[in-house]
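See below for run_19.txt, which holds compact mmCIF, C-alpha atoms.
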```txt
# COMPACT_ATOMS: atom_id res chain seq x y z
CA PRO G 69 10.14 -4.06 21.22
CA ASN G 70 13.86 -4.96 21.01
CA TYR G 71 14.36 -3.96 17.36
CA THR G 72 16.78 -1.06 17.87
CA ASP G 73 16.76 0.20 14.30
CA ALA G 74 12.96 0.42 14.28
CA HIS G 75 13.01 2.80 17.25
CA TYR G 76 15.81 4.80 15.63
CA GLN G 77 14.04 5.10 12.26
CA LEU G 78 10.77 6.00 13.99
CA GLY G 79 12.58 8.74 15.89
CA LEU G 80 13.95 10.15 12.63
CA VAL G 81 10.44 10.34 11.15
CA GLN G 82 9.02 11.91 14.30
CA ARG G 83 11.78 14.53 14.31
CA GLU G 84 11.16 15.24 10.64
CA VAL G 85 7.48 16.03 11.27
CA GLY G 86 8.32 18.18 14.29
CA ASP G 87 7.20 15.83 17.09
CA ASN G 88 10.35 16.25 19.16
CA ALA G 89 8.93 14.75 22.35
CA ALA G 90 8.01 11.51 20.56
CA ALA G 91 11.38 11.47 18.76
CA LEU G 92 13.20 11.85 22.08
CA ALA G 93 11.25 8.89 23.51
CA SER G 94 12.09 6.74 20.48
CA PHE G 95 15.81 7.58 20.63
CA ASN G 96 15.83 6.91 24.38
CA GLN G 97 14.30 3.49 23.75
CA ALA G 98 16.88 2.69 21.07
CA LEU G 99 19.75 3.61 23.41
CA GLU G 100 18.22 1.64 26.27
CA ILE G 101 18.41 -1.47 24.06
CA ASN G 102 21.87 -0.66 22.69
CA PRO G 103 23.76 2.17 24.43
CA ASN G 104 26.66 1.99 21.96
CA LEU G 105 24.94 3.45 18.88
CA ALA G 106 26.84 6.65 18.19
CA VAL G 107 24.47 7.87 15.47
CA VAL G 108 21.50 7.72 17.85
CA TYR G 109 23.33 10.00 20.30
CA LEU G 110 23.92 12.37 17.40
CA GLU G 111 20.24 12.52 16.41
CA ARG G 112 19.07 12.74 20.01
CA GLY G 113 21.40 15.72 20.40
CA HIS G 114 19.64 17.42 17.47
CA VAL G 115 16.27 16.83 19.15
CA LYS G 116 17.47 18.21 22.48
CA GLN G 117 18.84 21.26 20.69
CA HIS G 118 15.41 21.96 19.17
CA MET G 119 13.81 21.47 22.59
CA GLY G 120 16.13 24.07 24.15
CA ASP G 121 18.25 21.60 26.13
CA MET G 122 21.65 22.76 24.88
CA ASP G 123 23.61 21.09 27.69
CA GLY G 124 21.94 17.76 26.93
CA ALA G 125 22.59 18.23 23.21
CA MET G 126 26.28 18.94 23.84
CA ALA G 127 26.59 15.84 26.02
CA ASP G 128 24.99 13.63 23.35
CA TRP G 129 27.13 15.08 20.55
CA GLN G 130 30.20 14.46 22.67
CA LEU G 131 29.25 10.80 23.15
CA ALA G 132 28.56 10.46 19.43
CA THR G 133 31.92 11.84 18.32
CA LEU G 134 33.87 9.96 20.99
CA ASN G 135 32.48 6.67 19.69
CA ASP G 136 32.57 7.56 15.99
CA ALA G 137 34.90 10.36 14.93
CA SER G 138 33.34 10.42 11.43
CA LEU G 139 30.16 11.89 12.91
CA SER G 140 31.93 15.10 13.92
CA GLU G 141 31.12 16.58 10.50
CA ARG G 142 27.39 16.24 11.26
CA VAL G 143 27.57 18.15 14.54
CA PRO G 144 26.53 21.83 14.24
CA LYS G 145 29.67 23.94 13.95
CA ILE G 146 28.31 26.53 16.39
CA ALA G 147 28.22 23.90 19.13
CA LYS G 148 30.68 21.23 18.00
CA PRO G 149 32.28 19.64 21.07
CA ASP G 150 36.06 19.29 21.09
CA ARG G 151 36.67 15.55 21.07
CA LEU G 152 40.21 15.78 22.41
CA ALA G 153 39.08 18.23 25.06
CA ALA G 154 36.56 15.66 26.25
CA VAL G 155 39.29 13.02 26.50
CA LYS G 156 41.52 15.50 28.36
CA ASP G 157 38.75 16.28 30.85
CA LEU G 158 38.26 12.56 31.47
CA LEU G 159 41.96 12.01 32.18
CA GLN G 160 42.28 15.20 34.22
CA GLU G 161 39.43 14.20 36.52
CA ALA G 162 40.94 10.76 37.10
CA LEU G 163 44.56 11.90 37.61
CA GLN G 164 44.13 14.94 39.84
CA PRO G 165 46.17 16.79 41.07
CA ILE G 166 48.42 15.97 38.09
CA GLU G 167 48.05 18.49 35.25
CA VAL G 168 47.15 16.81 31.96
CA SER G 169 47.51 18.01 28.38
CA ILE G 170 47.04 15.90 25.25
CA LYS G 171 47.75 16.09 21.55
CA GLN G 172 47.02 13.67 18.75
CA GLN G 173 49.70 12.86 16.18
CA GLY G 174 48.54 10.37 13.59
CA LYS G 175 47.22 7.38 15.49
CA THR G 176 49.14 8.21 18.65
CA LEU G 177 47.72 10.17 21.58
CA LYS G 178 50.47 12.13 23.34
CA ILE G 179 49.64 12.61 27.02
CA SER G 180 51.79 15.10 28.90
CA LEU G 181 51.67 14.98 32.69
CA LYS G 182 53.01 17.63 35.02
CA ARG G 183 53.34 16.98 38.71
CA GLN G 184 54.54 19.26 41.46
CA VAL G 185 57.39 18.33 43.77
CA GLY G 186 55.92 16.26 46.59
CA ASN G 187 53.17 14.68 44.46
CA GLY G 188 54.13 11.11 43.75
CA ILE G 189 53.23 9.23 40.59
CA SER G 190 53.76 5.60 39.56
CA TYR G 191 54.70 5.41 35.90
CA PHE G 192 54.56 1.63 36.06
CA SER G 193 50.89 1.33 37.02
CA LEU G 194 49.75 4.53 35.29
CA PRO G 195 49.65 3.06 31.73
CA THR G 196 47.16 0.42 32.87
CA GLN G 197 45.01 3.08 34.55
CA ILE G 198 45.00 5.25 31.42
CA ARG G 199 44.29 2.27 29.20
CA ASP G 200 41.28 1.38 31.35
CA LEU G 201 39.98 4.94 30.91
CA LEU G 202 40.48 5.04 27.14
CA LEU G 203 39.31 1.55 26.18
CA PRO G 204 35.56 2.19 26.74
CA LEU G 205 35.75 5.18 24.38
CA GLU G 206 36.62 2.84 21.45
CA LEU G 207 38.70 5.48 19.69
CA SER G 208 39.03 4.04 16.19
CA ASP G 209 41.66 6.54 15.04
CA ILE G 210 43.99 6.02 18.02
CA THR G 211 45.99 2.82 18.52
CA LYS G 212 48.86 4.01 20.73
CA PHE G 213 49.47 6.54 23.49
CA THR G 214 52.67 8.14 24.76
CA LEU G 215 53.19 9.21 28.37
CA ILE G 216 55.51 12.16 28.94
CA GLY G 217 56.04 13.13 32.57
CA TYR G 218 57.40 16.41 33.92
CA VAL G 219 58.18 17.72 37.40
CA GLY G 220 57.41 21.34 38.24
CA ASP G 221 59.10 23.76 35.85
CA VAL G 222 61.84 21.35 34.74
CA ARG G 223 61.85 21.26 30.94
CA SER G 224 63.36 17.83 30.42
CA PRO G 225 60.88 14.98 31.01
CA GLU G 226 61.42 12.50 33.79
CA TRP G 227 59.51 9.84 31.86
CA GLU G 228 58.67 9.20 28.20
CA GLN G 229 57.32 5.90 26.96
CA SER G 230 54.88 4.72 24.26
CA TYR G 231 52.25 2.03 24.77
CA ASP G 232 49.89 -0.01 22.65
CA LEU G 233 46.37 1.08 23.59
CA TYR G 234 44.84 -2.32 22.82
CA LYS G 235 47.66 -4.46 24.18
CA ASP G 236 46.56 -7.90 25.45
CA GLN G 237 42.96 -7.29 24.42
CA PRO G 238 41.50 -10.62 23.25
CA CYS G 239 40.01 -10.90 19.81
CA PRO G 240 36.24 -10.30 20.05
CA PRO G 241 34.13 -13.38 19.23
CA SER G 242 33.02 -13.75 15.62
CA HIS G 243 29.79 -15.50 16.66
CA TRP G 244 29.86 -17.87 13.69
CA PRO G 245 27.18 -20.22 15.12
CA THR G 246 24.91 -17.24 15.73
CA ALA G 247 25.47 -15.93 12.19
CA LEU G 248 24.80 -19.37 10.68
CA ALA G 249 21.62 -19.65 12.73
CA ALA G 250 20.54 -16.28 11.34
CA ILE G 251 20.99 -17.68 7.82
CA VAL G 252 18.50 -20.43 8.68
CA THR G 253 15.98 -18.22 10.47
CA PHE G 254 16.07 -15.20 8.16
CA PRO G 255 18.55 -15.37 5.22
CA PRO G 256 18.53 -11.65 4.24
CA VAL G 257 19.80 -10.65 7.68
CA GLY G 258 21.91 -13.79 8.04
CA VAL G 259 24.02 -12.98 4.98
CA THR G 260 24.92 -9.58 6.44
CA ALA G 261 25.70 -11.21 9.80
CA LEU G 262 28.10 -13.63 8.06
CA LEU G 263 29.87 -10.73 6.36
CA TYR G 264 30.40 -9.00 9.69
CA ALA G 265 31.56 -12.26 11.29
CA SER G 266 34.19 -12.66 8.58
CA GLN G 267 35.56 -9.17 9.31
CA VAL G 268 36.09 -9.56 13.07
CA LYS G 269 39.39 -11.44 12.94
CA ARG G 270 40.69 -9.44 9.98
CA PHE G 271 40.12 -6.15 11.80
CA TYR G 272 41.76 -7.54 14.93
CA GLN G 273 44.85 -8.74 13.05
CA GLN G 274 45.18 -5.31 11.41
CA GLY G 275 45.22 -3.66 14.83
CA GLN G 276 41.74 -2.19 14.41
CA TYR G 277 40.38 -3.45 17.69
CA PRO G 278 37.40 -1.02 17.96
CA ASP G 279 36.26 -2.00 14.46
CA ALA G 280 36.60 -5.69 15.35
CA LEU G 281 34.54 -5.09 18.49
CA ARG G 282 31.82 -3.28 16.55
CA ALA G 283 31.70 -6.03 13.91
CA SER G 284 31.30 -8.63 16.66
CA ARG G 285 28.42 -6.69 18.20
CA ALA G 286 26.82 -6.26 14.79
CA VAL G 287 26.68 -10.04 14.32
CA ARG G 288 24.76 -10.45 17.56
CA ARG G 289 22.38 -7.59 16.83
CA LEU G 290 21.65 -8.83 13.31
CA SER G 291 21.05 -12.35 14.60
CA LEU G 292 18.57 -11.04 17.17
CA VAL G 293 16.84 -9.00 14.46
CA GLY G 294 16.65 -12.04 12.18
CA THR G 295 15.20 -14.23 14.92
CA GLY G 296 12.68 -11.57 15.93
CA THR G 297 11.62 -10.97 12.33
CA MET G 298 11.20 -14.69 11.72
CA CYS G 299 9.08 -15.07 14.85
CA LEU G 300 6.95 -12.13 13.75
CA LEU G 301 6.43 -13.55 10.27
CA ALA G 302 5.62 -16.96 11.71
CA SER G 303 3.03 -15.48 14.05
CA LEU G 304 1.18 -13.62 11.29
CA PRO G 305 -0.61 -16.70 9.84
CA LEU G 306 -1.61 -17.82 13.34
CA GLY G 307 -2.97 -14.37 14.10
CA TYR G 308 -4.86 -14.27 10.82
CA THR G 309 -6.36 -17.71 11.50
CA ALA G 310 -7.45 -16.63 14.98
CA ILE G 311 -9.09 -13.45 13.64
CA GLN G 312 -10.92 -15.43 10.94
CA ALA G 313 -12.15 -17.93 13.52
CA ILE G 314 -13.52 -15.12 15.67
CA GLN G 315 -15.21 -13.46 12.70
CA ASN G 316 -16.78 -16.74 11.52
CA GLU G 317 -18.07 -17.77 14.93
CA PRO G 318 -21.89 -17.81 14.86
CA ALA G 319 -23.57 -15.08 16.87
CA PRO G 320 -25.44 -16.22 20.00
CA PRO G 321 -29.25 -16.21 19.75
CA VAL G 322 -30.88 -12.97 20.81
CA ARG G 323 -33.44 -13.32 23.52
CA THR G 324 -36.38 -10.95 23.49
CA ALA G 325 -38.43 -9.97 26.50
CA ARG G 326 -41.91 -11.55 26.72
CA ALA G 327 -44.96 -9.56 27.64
CA ILE G 328 -46.32 -10.32 31.08
CA ASP G 329 -49.92 -11.60 31.21
CA TYR G 330 -51.22 -9.63 34.18
CA ASP G 331 -54.69 -11.27 33.93
CA PHE G 332 -53.09 -14.69 34.38
CA ILE G 333 -51.14 -13.52 37.42
CA GLN G 334 -54.29 -12.17 39.05
```
Do you think you could lay out the structure here as structure tokens?
Amino acid sequence: PNYTDAHYQLGLVQREVGDNAAALASFNQALEINPNLAVVYLERGHVKQHMGDMDGAMADWQLATLNDASLSERVPKIAKPDRLAAVKDLLQEALQPIEVSIKQQGKTLKISLKRQVGNGISYFSLPTQIRDLLLPLELSDITKFTLIGYVGDVRSPEWEQSYDLYKDQPCPPSHWPTALAAIVTFPPVGVTALLYASQVKRFYQQGQYPDALRASRAVRRLSLVGTGTMCLLASLPLGYTAIQAIQNEPAPPVRTARAIDYDFIQ
């Protein structure tokens, strides 16, 4: 029941054979277990598109590309959501009535803010607020952001400063004990878990915090899969033994009705 990839793969097969309702249920179950799987949002968007729910499809494709920019090539071009536009809308909603515009240059997100005279803004607390909005998006291709503040129609900015998006974020846990336990319970999965565990700190030191976070989560998921698979394999012999015992149990004697001697009763 908690094997995410099984629900995802089942959904792919169901979509392939045209059973969109069943595929939607499978993808929903996968995301209920792990709501961070970008590729599942992508596939669920395809299903919703075929079911006529274009708004739902757009929302899922947006979530997919926000969490994994590489998936943008797999979104239909006729309905591809603008990833930066989605980030802009998020910031605009949080910073109203300040006008927000953004532009990506390399790994830096340039955020231009325009306030009207009389609308105050704290440039000292604002970076923390923006960081809190951007961190859950896990934008792998953005590591810094620059705030540029303007007042009214004045061309020269009143504020311009760059910030590290992942500043002071602790290194995600590598879950070495969990990975080693997976080696014992189910070696094929445990080996992969160890490989991910070895990448967590390396990604973090290279400034790739989202990748380090995903690697850390992968270790936990793989360990759960290994434990679940081992429990399943261990239960198979017990189930087989129980079935054999039931099949070999002697049948109870069959009782037949006896004829009534009416002469004796009289």
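A straight line drawn from atom CA of Lys269 of chain G to atom CA of Val287 of chain G is 12.9 Å long.
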Thr214 of chain G environment, 9 Å, all atoms listed in the file, sequence neighbours closer than 6 positions dropped, as a ChimeraX atom specification:
/G:176-180,228-232
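For the atom pair formed by atom CA of Ile216 of chain G and atom CA of Lys182 of chain G, the distance is 8.6 Å, given to one decimal.
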Need the shell around segment 134-141 of chain G: protein/DNA/RNA residues with any atom at most 6 Å away, counting all atoms listed in the file. Skip same-chain ones fewer than 4 positions apart. Format as an NGL selection string?
:G and (106 or 205-206)
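Considering only C-alpha atoms, the residue among G:Gln276, G:Thr133, G:Ser94, G:Ser169 positioned nearest to Leu110 of chain G is G:Thr133.
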Can you pull out every residue within 10 Å of Ala89 of chain G, counting all atoms listed in the file, but drop anything in the same chain fewer than 2 positions away, and send it as a list of chain:residue names?
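The filter keeps G:Gly79, G:Gln82, G:Arg83, G:Gly86, G:Asp87, G:Ala91, G:Leu92, G:Ala93, G:Ser94, G:Val115, G:Lys116, G:Met119.
As for atom CA of Glu167 of chain G and atom CA of Phe213 of chain G, they are spaced 16.8 Å apart.
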So that I can check the surroundings of Leu202 of chain G, please list as an MDAnalysis selection string every protein, DNA and RNA residue that reaches within 12 Å of it, counting only C-alpha atoms and ignoring chain neighbours fewer than 3 positions away.
chainID G and resid 134:135 152 154:159 162 177 179 195:199 205:208 210:213 232:234 278
Using only C-alpha atoms, give me every residue within 9 Å of (14.6, -7.9, 23.4) in file coordinates, as a PDB file with C-alpha atoms, in the frame of the given file.
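Output file point19.pdb follows:
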```pdb
ATOM      1  CA  PRO G  69      10.140  -4.060  21.220  1.00  0.00           C
ATOM      2  CA  ASN G  70      13.860  -4.960  21.010  1.00  0.00           C
ATOM      3  CA  TYR G  71      14.360  -3.960  17.360  1.00  0.00           C
ATOM      4  CA  ILE G 101      18.410  -1.470  24.060  1.00  0.00           C
ATOM      5  CA  LEU G 292      18.570 -11.040  17.170  1.00  0.00           C
ATOM      6  CA  GLY G 296      12.680 -11.570  15.930  1.00  0.00           C
TER       7      GLY G 296
END
```
Could you list, as a ChimeraX atom specification, every residue within 6 Å of segment 245-247 of chain G, counting all atoms listed in the file and ignoring same-chain residues fewer than 3 positions away?
/G:250,258,261-262
Best match for closeness to Leu281 of chain G among G:Val293, G:Ala265, G:Leu131, G:Leu248, counting only C-alpha atoms:
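Using only C-alpha atoms, Leu281 of chain G sits closest to G:Ala265.
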Centre and edge lengths of an axis-aligned box around all listed atoms of segment 110-122 of chain G, with 8 Å added on each side, are to be given in Å to one decimal, as AutoDock Vina command-line options.
```
--center_x 18.9 --center_y 18.2 --center_z 21.3 --size_x 26.1 --size_y 27.7 --size_z 25.7
```
